[in-house]
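Visitor: Take this structure first; my questions come after.
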Protein chains: 2
Amino acid sequence: MSDLNVTHDPARRSWIASANEPGADFPIQNLPLGVFERDGAAHAGVAIGDHAVDLAALRDSALLVSGSDAWLACDAACDDTLNRLMSMPPRYASALRAALSDLLRSDAPQRAVVQEHAGALLPRIDTLTMRLPCDVGDFTDFLTSLHHTERHGRYKGLADPLPPAFKSLPIAYHGRASSLRVSGGEVRRPNGQYRSADGRIAFGPAPALDFELELAAWIGVGNALAQPIAIDDAHGHIFGYSLLNDWSAKSIQWFEQVLGPFLGKSFHTSVSPWIVTSEALAPFRKAPVARAPSDPPLMAHLHGALDQREGGLHLELFAHLSTEKLGASGAGAVQITHTHLDNLYWTFAQMVAHHTSNGCNLRTGDLLGSGTISGADDAARACLTELTNAGRDPLRLPGGETRIELEDGDEIVLRARASKPGAVSIGFGECRGRIAPALALAPCPAEVTA
Amino acid sequence: MSDLNVTHDPARRSWIASANEPGADFPIQNLPLGVFERDGAAHAGVAIGDHAVDLAALRDSALLVSGSDAWLACDAACDDTLNRLMSMPPRYASALRAALSDLLRSDAPQRAVVQEHAGALLPRIDTLTMRLPCDVGDFTDFLTSLHHTERHGRYKGLADPLPPAFKSLPIAYHGRASSLRVSGGEVRRPNGQYRSADGRIAFGPAPALDFELELAAWIGVGNALAQPIAIDDAHGHIFGYSLLNDWSAKSIQWFEQVLGPFLGKSFHTSVSPWIVTSEALAPFRKAPVARAPSDPPLMAHLHGALDQREGGLHLELFAHLSTEKLGASGAGAVQITHTHLDNLYWTFAQMVAHHTSNGCNLRTGDLLGSGTISGADDAARACLTELTNAGRDPLRLPGGETRIELEDGDEIVLRARASKPGAVSIGFGECRGRIAPALALAPCPAEVTA
């Protein structure tokens, strides 16, 4: 896993032409992992350009040496989920990546064999129905953008908009794992209790529906209960990353929140289907920058020499909004957010070290969300609440539409891209979701009393 | 599932003598389910007196009619967990209960056959290592005792000690599933960040360690995303109940809590091993009583005619504390809490209906904790924070010891008992845990800077 690894070689190109196009999310330097449905069964795959290598077909071919680390990794990926592969020591996934890079490079000796079996081995991604890549035991969501946190504190009129603990530890809460869903399809607007404009408590389709643009880390090898992960070992426990949209019904959240978010977020959380591996992101590592010299010093368990050098990523993230009207007019989606991972005050290694510092065990497939990645710039506000200054300045869209909250039929697409001079930039694919109207409520019984 | 069910018949006794002793937790009217280790494998079992019926041995015997509902239920229980059985329509577990009740009753025709194979079929519980009975997808913890909530509000000096939402909805947060552990063994004191007495932020073994006495419901059949469970259907989704000790490091919790409890509770949560089924508890159902006539009326989705009639339980709960000194002196454990499920302001059916009202999906094996079941009486305070009035009035123990927080070596045992005139009372077994000293911290690096 170094910049010298041939799988990162910027000169390497693939014989699959779509992988070499400028701006392609999945060039041969990326090779993210996902799970899709084929013939009614779950198959793991690796994205390359517009195609995916079907790992079940690859395992059953003669293209990998049976019993080799690459073959064992491929075999481990042939469950319904990637959990077993992700639980193995990193050298297995690394060997599979190297073998795939060699099979797919322009001058691959086995190119003709792969092409001969392309029907089985290389389906087009746009023909596939993707699934969540893992069974997620626990989903944790952090709050690590200072700008997001400060803006929300100001909207609430707090004298000190930043909670006292913010610069001492990465604040987090347990999220809901059961309602994590892969990108795509409908996001049903929740019904819920909220305080309406006249001060009364209502139950019905939740207003103030919002998106939140996040990056999320997938845990590879976990830790045992009561055995914390040291800060400079933490990165090695992160198998890779996906995009996450933490859909939020702010109206429900504001009323219910005593012990943290609950029904305001548990109705649906969207995750992009491809896991961009830590290994693929290695060329894009950088020092984190959000902590100011005047900030309180880091406690020992959150301070790692390695993490201080390369705990960040050269990674830009984007949100796009499309409305039914924009779609019908042919204008399509509008980019509403452009932000950078530099806006996180805490690194993912610090999140892992903090999370396990009390002995809490992380398991393979656990998902750690960054929290909304908002920056100081207006363009880097990563949710509608911030983009509209809590509803005071409606977002103006082409054609005269405005938004202060998501309306039924609105679609949000998240994207991200790692890039650095001298490296071939890689993307994350998309995290997409469209708001569907709330379920009709059951008729109210004639008599309701306490 | 009615009071007329023969499995509840108070006249029925078992040929296993220990099941008939006064005060036995597991008479023939209970028959709770659990999972234990035997010969290195997980076996499901049903407790009867001091013994457990090994369901793998029962399945492989000729005692159940192959292919019958009871046999199918028994077979479904022979995974490593009870999830598959719990996901089936309730008639399967009900048929297994009826078959076991018939095999174990005093006048059972097959008594001699069972006794002949008692070595395989009926191990003693005290020889077994219990496991968590289920894979828990998500653990939700509620806050449903008005007295617990008000006392904590007063300790914080709040003008209105009850959060505005308390009487509108059952407040809850997502808990940590990975660190759920079955009763017994050590509970490692966590390290963590907290504000020390001098106001500085420290990291180290957490002071203010506490227990919290809760009842927890296990979800049987779940619901699909975006398909809420109606209030009067909710009880049918609860397979059964266990005791839960929500160990809490209050020092960590008070400092970190912005989006709810996180590391203050995620280091370990203890659950009693036996699931007392909803069917076994049917004779003990009663109307809930905590809501006052002057309280705001229930919203329609939380108001069920059935739930209003029998959403509560005749159930008393107890906590016992033992210290190393009490243990050494032979004095043993001291009962420190005696409370009643009547102290919950919300029923479990209301918790299920609220939880799914936004479309959130519950899955088989999900665990819903009641929150600390404190009552108005001093004896009914169900955590040390309340028992000591937030540390102001230390708890006095025999032999001159006092406690304002749990110390290393202290052991907490939770128990509960359902009883009602005319019914044979049933117990839950115990939920036990002893505090072990925190892990030593790694030596601090010589230089720590931001």
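Ordering of the structure tokens sets the chain letters (A, B, ...), residue numbers begin anew at 1 in every chain, and ligands are numbered from 1 in the order given.
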Pull the strand (DSSP E) assignments for region 222-435 of chain B out of DSSP run on the backbone, and list those residues as a PyMOL selection string.

Guide: chain B and resi 238-245+248-249+269-271+276-277+285-286+312-313+315-322+334-340+367-369+395-396+402-403+411-418+426-427+431-435

Visitor: Give me the residues near Ala436 (chain B) as a CSV table (one decimal) with C-alpha atoms, in the first residue's frame, where near means some atom within 7 Å (using only C-alpha atoms) and where sequence neighbours in that chain fewer than 6 positions away do not count.

Guide:
chain,number,residue,atom,x,y,z
B,186,GLU,CA,-16.8,-9.1,33.8
B,187,VAL,CA,-17.8,-5.7,32.8
B,188,ARG,CA,-14.6,-3.8,32.1
B,189,ARG,CA,-14.7,-0.2,33.5
B,408,ASP,CA,-14.2,-2.2,40.9
B,409,GLY,CA,-15.3,-5.6,42.2

Visitor: Per residue of chain A within 8 Å of chain B, note the shortest atom pair and the distance in Å to one decimal, counting only C-alpha atoms, and order the rows by chain and increasing residue number, as CSV.

Guide:
residue,atom,partner,partner_atom,distance
A:Gly137,CA,B:Gly137,CA,6.3
A:Asp138,CA,B:Ala177,CA,6.5
A:Pro163,CA,B:Val258,CA,7.1
A:Ala165,CA,B:Glu256,CA,6.1
A:Leu169,CA,B:Glu256,CA,7.8
A:Ile171,CA,B:Glu256,CA,6.7
A:Ala172,CA,B:Leu259,CA,6.6
A:Tyr173,CA,B:Leu259,CA,5.7
A:His174,CA,B:His174,CA,5.3
A:Gly175,CA,B:His174,CA,6.0
A:Arg176,CA,B:His174,CA,6.5
A:Ala177,CA,B:Asp138,CA,6.5
A:Ser178,CA,B:Asn361,CA,6.3
A:Ser179,CA,B:Cys360,CA,6.3
A:Arg188,CA,B:Ala226,CA,6.7
A:Pro190,CA,B:Asn358,CA,4.6
A:Asn191,CA,B:Asn358,CA,5.0
A:Gly192,CA,B:Asn358,CA,5.7
A:Phe203,CA,B:Met299,CA,7.8
A:Leu225,CA,B:Ser179,CA,6.8
A:Ala226,CA,B:Arg188,CA,6.7
A:Phe255,CA,B:Ala165,CA,6.6
A:Glu256,CA,B:Ala165,CA,6.1
A:Gln257,CA,B:Ile171,CA,7.9
A:Val258,CA,B:Pro163,CA,7.1
A:Leu259,CA,B:Gly260,CA,4.0
A:Gly260,CA,B:Leu259,CA,4.0
A:Pro261,CA,B:Leu259,CA,6.6
A:Phe262,CA,B:Tyr173,CA,5.7
A:Leu263,CA,B:Asn358,CA,6.2
A:Ser266,CA,B:Cys360,CA,5.8
A:Phe267,CA,B:Cys360,CA,4.7
A:His268,CA,B:Cys360,CA,7.4
A:Arg291,CA,B:Ala450,CA,7.6
A:Pro293,CA,B:Ala450,CA,6.7
A:Asp295,CA,B:Ala450,CA,7.5
A:Pro296,CA,B:Ala450,CA,7.3
A:Pro297,CA,B:Ala450,CA,4.6
A:Leu298,CA,B:Ala450,CA,5.3
A:Met299,CA,B:Val448,CA,7.4
A:Ala300,CA,B:Cys444,CA,6.2
A:His303,CA,B:Val448,CA,7.1
A:His355,CA,B:Leu263,CA,7.0
A:Ser357,CA,B:Asn191,CA,6.5
A:Asn358,CA,B:Pro190,CA,4.6
A:Gly359,CA,B:Phe267,CA,5.4
A:Cys360,CA,B:Phe267,CA,4.7
A:Asn361,CA,B:Ser178,CA,6.3
A:Leu362,CA,B:Ser178,CA,7.1
A:Arg363,CA,B:Ser178,CA,7.3
A:Leu439,CA,B:Ala226,CA,7.8
A:Cys444,CA,B:Ala300,CA,6.2
A:Pro445,CA,B:Ala300,CA,7.0
A:Val448,CA,B:Ala300,CA,6.4
A:Thr449,CA,B:Pro297,CA,5.5
A:Ala450,CA,B:Pro297,CA,4.6

Visitor: Pick out the residues sitting within 12 Å of region 65-72 of chain B, and hand them over as a list in words; count only C-alpha atoms, and ignore anything fewer than 5 positions along from it in its own chain.

Guide: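 That gives Leu55, Ala56, Ala57, Leu58, Arg59, Asp60, Ala77, Cys78, Arg84, Leu85, Met88, Pro89, Pro90, Arg91, Tyr92, Ala93, Ser94, Ala95, Leu96, Arg97, Ala98, Ala99, Leu100, Ser101 and Asp102 of chain B.
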
Visitor: I need the chosen residues saved as a PDB file, in the first residue's frame, with C-alpha atoms.

Guide:
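What ended up in result_39.pdb:
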ATOM      1  CA  LEU B  55     -33.794 -28.516  21.615  1.00  0.00           C
ATOM      2  CA  ALA B  56     -31.225 -30.075  19.272  1.00  0.00           C
ATOM      3  CA  ALA B  57     -31.495 -33.313  21.240  1.00  0.00           C
ATOM      4  CA  LEU B  58     -35.286 -32.990  21.300  1.00  0.00           C
ATOM      5  CA  ARG B  59     -35.448 -32.518  17.536  1.00  0.00           C
ATOM      6  CA  ASP B  60     -33.348 -35.613  16.971  1.00  0.00           C
ATOM      7  CA  ALA B  77     -34.340 -23.101  16.974  1.00  0.00           C
ATOM      8  CA  CYS B  78     -31.363 -25.296  16.077  1.00  0.00           C
ATOM      9  CA  ARG B  84     -35.203 -18.020  12.708  1.00  0.00           C
ATOM     10  CA  LEU B  85     -37.741 -19.346  15.203  1.00  0.00           C
ATOM     11  CA  MET B  88     -41.868 -17.392  12.188  1.00  0.00           C
ATOM     12  CA  PRO B  89     -45.585 -16.839  12.808  1.00  0.00           C
ATOM     13  CA  PRO B  90     -46.246 -17.123  16.571  1.00  0.00           C
ATOM     14  CA  ARG B  91     -48.161 -20.413  16.242  1.00  0.00           C
ATOM     15  CA  TYR B  92     -44.876 -22.306  15.766  1.00  0.00           C
ATOM     16  CA  ALA B  93     -43.305 -21.222  19.064  1.00  0.00           C
ATOM     17  CA  SER B  94     -46.724 -21.702  20.640  1.00  0.00           C
ATOM     18  CA  ALA B  95     -46.906 -25.306  19.391  1.00  0.00           C
ATOM     19  CA  LEU B  96     -43.414 -26.011  20.735  1.00  0.00           C
ATOM     20  CA  ARG B  97     -44.434 -24.563  24.109  1.00  0.00           C
ATOM     21  CA  ALA B  98     -47.530 -26.753  24.227  1.00  0.00           C
ATOM     22  CA  ALA B  99     -45.543 -29.860  23.271  1.00  0.00           C
ATOM     23  CA  LEU B 100     -42.908 -29.163  25.939  1.00  0.00           C
ATOM     24  CA  SER B 101     -45.546 -28.493  28.559  1.00  0.00           C
ATOM     25  CA  ASP B 102     -47.064 -31.886  27.753  1.00  0.00           C
TER      26      ASP B 102
END

Visitor: Fewer than 5 positions away in the same chain doesn't count, so skip those; otherwise give me all residues within 10 Å of Trp15 (chain A), counting only C-alpha atoms, as an mmCIF file with all heavy atoms, in the first residue's frame.

Guide:
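The new file result-v5.cif reads:
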data_model
loop_
_atom_site.group_PDB
_atom_site.id
_atom_site.type_symbol
_atom_site.label_atom_id
_atom_site.label_comp_id
_atom_site.auth_asym_id
_atom_site.auth_seq_id
_atom_site.Cartn_x
_atom_site.Cartn_y
_atom_site.Cartn_z
ATOM 1 N N ASN A 20 -10.811 4.603 -19.348
ATOM 2 C CA ASN A 20 -9.728 5.545 -19.630
ATOM 3 C C ASN A 20 -10.228 6.943 -19.970
ATOM 4 O O ASN A 20 -9.422 7.842 -20.218
ATOM 5 C CB ASN A 20 -8.880 5.023 -20.796
ATOM 6 C CG ASN A 20 -8.379 3.611 -20.530
ATOM 7 O OD1 ASN A 20 -7.984 3.294 -19.408
ATOM 8 N ND2 ASN A 20 -8.418 2.757 -21.551
ATOM 9 N N ILE A 28 -8.677 2.173 -14.018
ATOM 10 C CA ILE A 28 -8.027 0.962 -13.507
ATOM 11 C C ILE A 28 -7.319 1.213 -12.168
ATOM 12 O O ILE A 28 -7.053 0.272 -11.422
ATOM 13 C CB ILE A 28 -7.059 0.378 -14.578
ATOM 14 C CG1 ILE A 28 -6.652 -1.059 -14.209
ATOM 15 C CG2 ILE A 28 -5.852 1.289 -14.769
ATOM 16 C CD1 ILE A 28 -5.958 -1.796 -15.332
ATOM 17 N N LEU A 103 -5.159 -8.167 -15.046
ATOM 18 C CA LEU A 103 -6.070 -8.732 -16.053
ATOM 19 C C LEU A 103 -6.677 -7.648 -16.939
ATOM 20 O O LEU A 103 -7.055 -7.913 -18.082
ATOM 21 C CB LEU A 103 -7.219 -9.486 -15.373
ATOM 22 C CG LEU A 103 -6.932 -10.870 -14.807
ATOM 23 C CD1 LEU A 103 -8.151 -11.377 -14.039
ATOM 24 C CD2 LEU A 103 -6.576 -11.838 -15.945
ATOM 25 N N LEU A 104 -6.806 -6.469 -16.375
ATOM 26 C CA LEU A 104 -7.556 -5.413 -17.062
ATOM 27 C C LEU A 104 -6.661 -4.377 -17.736
ATOM 28 O O LEU A 104 -7.144 -3.509 -18.461
ATOM 29 C CB LEU A 104 -8.495 -4.713 -16.059
ATOM 30 C CG LEU A 104 -9.591 -5.610 -15.460
ATOM 31 C CD1 LEU A 104 -10.257 -4.932 -14.273
ATOM 32 C CD2 LEU A 104 -10.628 -5.986 -16.522
ATOM 33 N N ARG A 105 -5.341 -4.446 -17.515
ATOM 34 C CA ARG A 105 -4.467 -3.426 -18.110
ATOM 35 C C ARG A 105 -4.342 -3.654 -19.612
ATOM 36 O O ARG A 105 -4.520 -4.785 -20.101
ATOM 37 C CB ARG A 105 -3.124 -3.395 -17.400
ATOM 38 C CG ARG A 105 -2.272 -4.631 -17.586
ATOM 39 C CD ARG A 105 -1.040 -4.575 -16.679
ATOM 40 N NE ARG A 105 -0.481 -5.905 -16.463
ATOM 41 C CZ ARG A 105 0.567 -6.393 -17.143
ATOM 42 N NH1 ARG A 105 1.162 -5.680 -18.065
ATOM 43 N NH2 ARG A 105 1.009 -7.615 -16.886
ATOM 44 N N SER A 106 -4.011 -2.591 -20.315
ATOM 45 C CA SER A 106 -4.029 -2.596 -21.785
ATOM 46 C C SER A 106 -3.260 -3.775 -22.371
ATOM 47 O O SER A 106 -3.690 -4.396 -23.345
ATOM 48 C CB SER A 106 -3.409 -1.303 -22.329
ATOM 49 O OG SER A 106 -4.028 -0.194 -21.754
ATOM 50 N N ASP A 107 -2.118 -4.063 -21.767
ATOM 51 C CA ASP A 107 -1.269 -5.109 -22.332
ATOM 52 C C ASP A 107 -1.396 -6.434 -21.576
ATOM 53 O O ASP A 107 -0.457 -7.223 -21.538
ATOM 54 C CB ASP A 107 0.190 -4.634 -22.330
ATOM 55 C CG ASP A 107 0.637 -4.172 -20.947
ATOM 56 O OD1 ASP A 107 -0.238 -4.025 -20.044
ATOM 57 O OD2 ASP A 107 1.839 -3.950 -20.749
ATOM 58 N N ALA A 108 -2.574 -6.678 -21.008
ATOM 59 C CA ALA A 108 -2.775 -7.924 -20.241
ATOM 60 C C ALA A 108 -2.659 -9.134 -21.163
ATOM 61 O O ALA A 108 -3.361 -9.211 -22.171
ATOM 62 C CB ALA A 108 -4.137 -7.909 -19.570
ATOM 63 N N ARG A 111 -6.011 -10.862 -21.853
ATOM 64 C CA ARG A 111 -7.107 -10.031 -22.351
ATOM 65 C C ARG A 111 -8.066 -10.815 -23.254
ATOM 66 O O ARG A 111 -9.291 -10.714 -23.112
ATOM 67 C CB ARG A 111 -6.504 -8.849 -23.116
ATOM 68 C CG ARG A 111 -7.525 -8.043 -23.886
ATOM 69 C CD ARG A 111 -6.860 -6.863 -24.569
ATOM 70 N NE ARG A 111 -7.824 -6.163 -25.415
ATOM 71 C CZ ARG A 111 -7.576 -4.998 -25.976
ATOM 72 N NH1 ARG A 111 -6.397 -4.388 -25.801
ATOM 73 N NH2 ARG A 111 -8.492 -4.414 -26.741
ATOM 74 N N GLN A 115 -12.044 -11.372 -22.656
ATOM 75 C CA GLN A 115 -13.009 -10.888 -23.657
ATOM 76 C C GLN A 115 -13.897 -12.013 -24.174
ATOM 77 O O GLN A 115 -15.075 -11.820 -24.433
ATOM 78 C CB GLN A 115 -12.269 -10.203 -24.807
ATOM 79 C CG GLN A 115 -11.834 -8.777 -24.437
ATOM 80 C CD GLN A 115 -11.093 -8.068 -25.545
ATOM 81 O OE1 GLN A 115 -10.200 -8.651 -26.162
ATOM 82 N NE2 GLN A 115 -11.453 -6.819 -25.789
#

Visitor: Any idea what the distance is between CA of Gly45 (chain A) and CA of Val352 (chain A)?

Guide: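 We find that CA of Gly45 (chain A) and CA of Val352 (chain A) lie 27.1 Å from each other.
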